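Down below is the structure, laid out as structure tokens.
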2 protein chains.
Amino acid sequence: MDRLDSSLIALRRILRATELFGRELKQVAGITPVQFRALQIIDETGQTTAKEISQRMRVSQATVTSLVDKLVRDGMALREKSALDRRQTHILITQKGSQTLGETPDPLQQRFVRKFSELADWEQAMIVANLERVAAMLDADEIDASPVLQTGEIKLSSEM
Amino acid sequence: MDRLDSSLIALRRILRATELFGRELKQVAGITPVQFRALQIIDETGQTTAKEISQRMRVSQATVTSLVDKLVRDGMALREKSALDRRQTHILITQKGSQTLGETPDPLQQRFVRKFSELADWEQAMIVANLERVAAMLDADEIDASPVLQTGEIKLSSEM
DNA sequence: CCATTTGCTTCGATAATCGAAGTATTGCAA
DNA sequence: TTGCAATACTTCGATTATCGAAGCAAATGG
């Protein structure tokens with residue numbers, strides 16, 4: 001049972017770290033992790049809809065509306081009615097948005113990347129295998145495998 | 001670099017799972033993860049102060065006040081002025097609070113515990129070692145090693 | 001005994017989140 | 001074709017979590 005405790009504590013530490021890095025992100029870059037995540041999705045998809053964001057972030061459309069409101073308010077994104085289906089609204093990233101995405105140093109990722117890179121090859125392989133194992137243990141069946149997440153989001157350059 | 005991506009994706013999956021389990025907890029048990037965490041701390045310490053909770057959860061005292069307000073409102077906790085130092089307020093858990101703690105099935109922990117228990121001995125050891133390693137990589141230096149965390153909290157019977 | 005520190009609450013603000021209700025618009029079916 | 005259901009989104013009202021600043025009361029140290 002000792003091992004179980006240790007593993008849970010380690011998991012906690014990981015979660016806490018992401019949480020705290022989220023706050024740091026907010027301080028440093030003036031954007032919240034959630035907004036950052038939405039912006040990433042808008043950027044990736046080029047021309048997103050509220051529905052798309054809502055599905056990928058697994059939040060309600062109402063939430064997306066308020067999120068996009070904030071991005072628009074801050075000049076990071078734009079809304080544009082779709083010509084084809086006028087119920088839809090396309091959401092576009094602005095220059096400023098791209099710039100923010102590009103410049104924002106995600107402190108969590110940076111730290112992890114740095115430390116990870118310092119490891120020996122076999123160590124990296126082992127860590128990946130184990131992280132994936134744990135992820136598989138936690139991923140509930142009802143939850144599909146989409147690698148999207150809302151809190152303490154990790155910025156990934158080459159994202160699915 | 002592929003490994004880095006894999007590890008980041010796995011990390012994400014872990015974070016997302018905890019996030020979603022947090023929501024489940026709220027639905028099922030009617031208590032939010034944050035409140036649950038506060039309640040755990042109150043329970044563990046027997047007679048906590050707002051300051052203690054604030055430090056362990058790493059949130060401001062103002063936040064703790066509002067958190068405890070909710071716990072008190074819901075009959076999970078009580079406030080009691082300290083006789084020794086009358087600036088302090090002791091925060092106590094109520095019967096209902098204990099009951100909630102005891103009965104609440106933390107879905108994340110349950111799942112993890114079950115899966116973890118199924119593993120072979122050496123696998124468990126390896127996972128612990130690797131999780132701890134990752135935790136160490138993410139734990140910023142400024143952050144002390146206390147295994148406390150606020151979001152997607154994992155319930156631990158024999159904590160710390 | 002006064003000034004400072006400490007512990008906590010109050011106030012006002014913001015973000016994230018939801019469900020329900022409302023507004024267009026599309027699309028299918030009779 | 002007309003009309004009703006489904007779809008896409010917003011608005012509204014509510015809740016939680018969170019903070020900083022300001023306030024109040026008690027302790028403590030000169």
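In the structure tokens, each chain is lettered A, B, ... as it comes, each chain's residues begin at 1, and ligands are numbered from 1 in order of appearance.
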- [ ] Kindly determine which residues of chain D lie within 7 Å of chain B, considering only C-alpha atoms (C1' of nucleotides), and give the answer as a PyMOL selection string.
- [x] chain D and resi 18+25-26
Open item on the list: Based on only C-alpha atoms, which of the residues in chain A come within 7 Å of chain B? I want them as a ChimeraX atom specification.
Closed with: /A:3,6-7,9-17,111-112,115,127-128,130-132,135,137-139,147,149,154
TODO: Identify all chain C residues at most 12 Å from chain B by counting only C-alpha atoms (C1' of nucleotides); ligands do not count. Present them as number ranges by chain.
DONE: C: 6-11, 17-18
Task: All alpha helix (DSSP H) positions in region 19-57 of chain B, as an NGL selection string - done: :B and (19-29 or 33-45 or 50-57)
What lies within 12 Å of DA13 (chain C) using only C-alpha atoms (C1' of nucleotides), ignoring chain neighbours under 5 positions off, as a CSV table (one decimal) with C-alpha atoms (C1' of nucleotides), in the first residue's frame?
```
chain,number,residue,atom,x,y,z
D,18,DT,C1',-9.8,33.1,-7.1
D,19,DC,C1',-7.5,37.5,-5.9
D,20,DG,C1',-5.9,42.1,-3.9
D,21,DA,C1',-7.0,45.8,-1.0
```
Open item on the list: Which residues are near DG29 (chain D)? Cut-off 12 Å, only C-alpha atoms (C1' of nucleotides), ignore same chain within fewer than 6 positions. Put them as a ChimeraX atom specification.
Closed with: /C:1-5
Writer output for current selection, N, CA and C atoms (P, O5', C5', C4', C3', O3' and C1' of nucleotides), as a PDB file, in the first residue's frame:
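Contents of out04.pdb, as written:
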```pdb
ATOM      1  P    DC C   1      -0.932  53.295  30.413  1.00  0.00           P
ATOM      2  O5'  DC C   1      -0.030  53.354  29.127  1.00  0.00           O
ATOM      3  C5'  DC C   1      -0.179  54.503  28.313  1.00  0.00           C
ATOM      4  C4'  DC C   1       0.425  54.237  26.962  1.00  0.00           C
ATOM      5  C3'  DC C   1      -0.652  53.908  25.931  1.00  0.00           C
ATOM      6  O3'  DC C   1      -0.207  54.476  24.702  1.00  0.00           O
ATOM      7  C1'  DC C   1       0.924  52.206  25.927  1.00  0.00           C
ATOM      8  P    DC C   2      -0.868  55.780  24.145  1.00  0.00           P
ATOM      9  O5'  DC C   2      -0.248  55.797  22.679  1.00  0.00           O
ATOM     10  C5'  DC C   2       1.182  55.927  22.573  1.00  0.00           C
ATOM     11  C4'  DC C   2       1.719  54.954  21.543  1.00  0.00           C
ATOM     12  C3'  DC C   2       0.874  54.845  20.270  1.00  0.00           C
ATOM     13  O3'  DC C   2       1.744  55.194  19.217  1.00  0.00           O
ATOM     14  C1'  DC C   2       1.508  52.695  21.079  1.00  0.00           C
ATOM     15  P    DA C   3       1.271  55.239  17.718  1.00  0.00           P
ATOM     16  O5'  DA C   3       2.151  54.039  17.171  1.00  0.00           O
ATOM     17  C5'  DA C   3       3.560  53.989  17.465  1.00  0.00           C
ATOM     18  C4'  DA C   3       4.131  52.805  16.715  1.00  0.00           C
ATOM     19  C3'  DA C   3       3.583  52.658  15.312  1.00  0.00           C
ATOM     20  O3'  DA C   3       4.638  52.212  14.464  1.00  0.00           O
ATOM     21  C1'  DA C   3       2.940  50.790  16.627  1.00  0.00           C
ATOM     22  P    DT C   4       4.409  51.833  12.975  1.00  0.00           P
ATOM     23  O5'  DT C   4       4.461  50.242  13.041  1.00  0.00           O
ATOM     24  C5'  DT C   4       5.522  49.625  13.783  1.00  0.00           C
ATOM     25  C4'  DT C   4       5.319  48.128  13.810  1.00  0.00           C
ATOM     26  C3'  DT C   4       4.908  47.536  12.459  1.00  0.00           C
ATOM     27  O3'  DT C   4       5.741  46.406  12.234  1.00  0.00           O
ATOM     28  C1'  DT C   4       3.395  46.863  14.156  1.00  0.00           C
ATOM     29  P    DT C   5       5.772  45.651  10.860  1.00  0.00           P
ATOM     30  O5'  DT C   5       5.131  44.256  11.298  1.00  0.00           O
ATOM     31  C5'  DT C   5       5.629  43.617  12.488  1.00  0.00           C
ATOM     32  C4'  DT C   5       4.655  42.532  12.886  1.00  0.00           C
ATOM     33  C3'  DT C   5       4.217  41.663  11.701  1.00  0.00           C
ATOM     34  O3'  DT C   5       4.496  40.329  12.088  1.00  0.00           O
ATOM     35  C1'  DT C   5       2.350  42.377  12.972  1.00  0.00           C
TER      36       DT C   5
END
```
Task: region 19-28 of chain C environment, 9 Å, only C-alpha atoms (C1' of nucleotides), sequence neighbours closer than 3 positions dropped, as a list in words - done: Asp85, Arg86 and Arg87 of chain A; DA5, DA6, DT7, DA8, DC9, DT10, DT11 and DC12 of chain D
Both chains have the same sequence, so superpose chain A on chain B over all Cα atoms paired in order and return it as a compact mmCIF listing (two decimals) with C-alpha atoms, in the first residue's frame.
```txt
# COMPACT_ATOMS: atom_id res chain seq x y z
CA MET A 1 11.45 14.90 -30.66
CA ASP A 2 8.83 12.32 -31.13
CA ARG A 3 9.30 11.02 -27.68
CA LEU A 4 8.98 14.42 -26.20
CA ASP A 5 5.67 14.86 -27.93
CA SER A 6 4.48 11.51 -26.78
CA SER A 7 5.36 12.22 -23.24
CA LEU A 8 3.67 15.59 -23.32
CA ILE A 9 0.58 14.07 -24.80
CA ALA A 10 0.55 11.41 -22.14
CA LEU A 11 0.94 14.05 -19.47
CA ARG A 12 -1.97 15.87 -20.97
CA ARG A 13 -4.11 12.82 -20.91
CA ILE A 14 -3.33 12.37 -17.26
CA LEU A 15 -4.22 15.95 -16.49
CA ARG A 16 -7.38 15.78 -18.50
CA ALA A 17 -8.44 12.62 -16.75
CA THR A 18 -8.08 14.25 -13.36
CA GLU A 19 -9.99 17.24 -14.56
CA LEU A 20 -12.86 15.14 -15.79
CA PHE A 21 -12.89 13.03 -12.68
CA GLY A 22 -13.15 16.24 -10.73
CA ARG A 23 -16.36 17.02 -12.51
CA GLU A 24 -17.63 13.56 -11.89
CA LEU A 25 -16.92 13.96 -8.21
CA LYS A 26 -18.97 17.10 -8.19
CA GLN A 27 -21.87 15.39 -9.89
CA VAL A 28 -21.80 12.24 -7.84
CA ALA A 29 -20.92 13.52 -4.41
CA GLY A 30 -22.17 17.08 -4.63
CA ILE A 31 -18.87 18.43 -3.47
CA THR A 32 -16.28 20.13 -5.58
CA PRO A 33 -12.70 18.90 -5.61
CA VAL A 34 -11.50 22.09 -4.00
CA GLN A 35 -13.99 21.84 -1.17
CA PHE A 36 -13.20 18.21 -0.80
CA ARG A 37 -9.56 19.04 -0.44
CA ALA A 38 -10.23 21.69 2.18
CA LEU A 39 -12.37 19.24 4.07
CA GLN A 40 -9.60 16.69 4.02
CA ILE A 41 -7.20 19.18 5.52
CA ILE A 42 -9.67 20.15 8.21
CA ASP A 43 -10.20 16.51 9.00
CA GLU A 44 -6.54 15.61 9.13
CA THR A 45 -5.54 18.48 11.32
CA GLY A 46 -8.46 18.12 13.67
CA GLN A 47 -8.64 21.77 14.43
CA THR A 48 -7.41 23.89 11.62
CA THR A 49 -7.13 27.59 11.16
CA ALA A 50 -7.83 29.50 8.01
CA LYS A 51 -4.17 30.25 7.73
CA GLU A 52 -3.22 26.60 7.81
CA ILE A 53 -5.63 25.75 5.05
CA SER A 54 -4.49 28.71 3.07
CA GLN A 55 -0.88 27.63 3.29
CA ARG A 56 -1.48 24.02 2.55
CA MET A 57 -3.71 24.74 -0.39
CA ARG A 58 -1.59 27.64 -1.52
CA VAL A 59 -4.44 30.00 -1.92
CA SER A 60 -5.10 33.33 -0.28
CA GLN A 61 -6.88 33.68 3.01
CA ALA A 62 -9.69 35.42 1.24
CA THR A 63 -10.23 32.31 -0.81
CA VAL A 64 -10.22 30.14 2.26
CA THR A 65 -12.84 32.32 3.86
CA SER A 66 -15.16 31.82 0.95
CA LEU A 67 -14.39 28.13 0.79
CA VAL A 68 -15.11 27.62 4.46
CA ASP A 69 -18.25 29.70 4.08
CA LYS A 70 -19.50 27.13 1.65
CA LEU A 71 -18.53 24.19 3.83
CA VAL A 72 -20.28 25.79 6.78
CA ARG A 73 -23.32 26.59 4.67
CA ASP A 74 -23.47 22.94 3.66
CA GLY A 75 -23.07 21.72 7.21
CA MET A 76 -19.70 20.13 6.63
CA ALA A 77 -17.69 22.37 8.90
CA LEU A 78 -17.98 24.75 11.82
CA ARG A 79 -16.17 27.88 12.88
CA GLU A 80 -15.21 28.42 16.47
CA LYS A 81 -13.30 31.33 17.94
CA SER A 82 -10.11 30.34 19.61
CA ALA A 83 -10.02 31.04 23.32
CA LEU A 84 -6.27 31.40 23.43
CA ASP A 85 -5.79 33.76 20.58
CA ARG A 86 -9.02 35.38 19.76
CA ARG A 87 -7.88 36.54 16.41
CA GLN A 88 -7.86 32.94 15.36
CA THR A 89 -10.81 30.90 14.30
CA HIS A 90 -10.69 27.17 14.58
CA ILE A 91 -12.35 25.29 11.84
CA LEU A 92 -13.84 21.95 12.72
CA ILE A 93 -15.31 19.21 10.66
CA THR A 94 -18.85 18.13 11.44
CA GLN A 95 -20.35 14.68 11.47
CA LYS A 96 -21.79 15.30 8.10
CA GLY A 97 -18.40 16.41 6.88
CA SER A 98 -16.72 13.26 8.11
CA GLN A 99 -19.44 11.22 6.59
CA THR A 100 -18.99 12.89 3.26
CA LEU A 101 -15.26 12.34 3.41
CA GLY A 102 -15.74 8.73 4.28
CA GLU A 103 -18.44 7.92 1.82
CA THR A 104 -17.29 9.88 -1.13
CA PRO A 105 -15.79 7.58 -3.66
CA ASP A 106 -13.10 9.55 -5.32
CA PRO A 107 -13.55 8.25 -8.83
CA LEU A 108 -10.06 9.05 -9.95
CA GLN A 109 -8.38 7.38 -7.08
CA GLN A 110 -10.64 4.41 -7.28
CA ARG A 111 -9.91 3.85 -10.87
CA PHE A 112 -6.22 4.28 -10.45
CA VAL A 113 -6.05 2.04 -7.42
CA ARG A 114 -7.91 -0.70 -9.16
CA LYS A 115 -5.80 -0.62 -12.27
CA PHE A 116 -2.62 -0.23 -10.34
CA SER A 117 -3.37 -3.21 -8.19
CA GLU A 118 -3.76 -5.37 -11.22
CA LEU A 119 -0.21 -4.79 -12.26
CA ALA A 120 2.66 -7.11 -11.61
CA ASP A 121 5.01 -6.21 -8.85
CA TRP A 122 7.85 -5.07 -11.03
CA GLU A 123 5.49 -3.01 -13.11
CA GLN A 124 4.25 -1.17 -10.08
CA ALA A 125 7.78 -0.45 -8.98
CA MET A 126 8.67 0.85 -12.38
CA ILE A 127 5.67 3.10 -12.60
CA VAL A 128 6.33 4.58 -9.20
CA ALA A 129 9.91 5.27 -10.10
CA ASN A 130 8.97 6.94 -13.32
CA LEU A 131 6.15 8.99 -11.91
CA GLU A 132 8.46 10.24 -9.23
CA ARG A 133 11.01 11.09 -11.78
CA VAL A 134 8.55 13.11 -13.79
CA ALA A 135 7.27 14.79 -10.67
CA ALA A 136 10.80 15.77 -9.82
CA MET A 137 11.27 17.18 -13.28
CA LEU A 138 8.19 19.33 -12.96
CA ASP A 139 8.45 20.40 -9.37
CA ALA A 140 9.91 23.82 -9.62
CA ASP A 141 12.61 24.63 -7.17
CA GLU A 142 10.71 27.53 -5.71
CA ILE A 143 7.96 25.15 -4.83
CA ASP A 144 8.49 23.16 -1.70
CA ALA A 145 7.86 19.47 -1.62
CA SER A 146 4.56 19.56 0.24
CA PRO A 147 2.31 17.06 -1.43
CA VAL A 148 -0.69 19.32 -1.39
CA LEU A 149 -2.56 20.44 -4.39
CA GLN A 150 -5.78 22.08 -5.18
CA THR A 151 -7.28 20.92 -8.39
CA GLY A 152 -8.22 17.40 -9.23
CA GLU A 153 -7.14 16.44 -5.81
CA ILE A 154 -6.47 12.81 -5.17
CA LYS A 155 -7.81 11.43 -1.99
CA LEU A 156 -5.24 9.57 -0.03
CA SER A 157 -6.02 7.58 3.03
CA SER A 158 -2.63 7.64 4.65
CA GLU A 159 -1.70 11.13 3.87
CA MET A 160 1.47 12.73 5.13
```
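Looking only at chain A, the set that DSSP places in strand (DSSP E) from backbone geometry is Thr48, Thr49, Ala77, Leu78, Arg79, Glu80, Lys81, Thr89, His90, Ile91, Leu92 and Ile93 of chain A.
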- [ ] Please measure the separation of C1' of DT14 (chain C) and C1' of DA22 (chain D), giving the value in Å to one decimal.
- [x] 18.4 Å
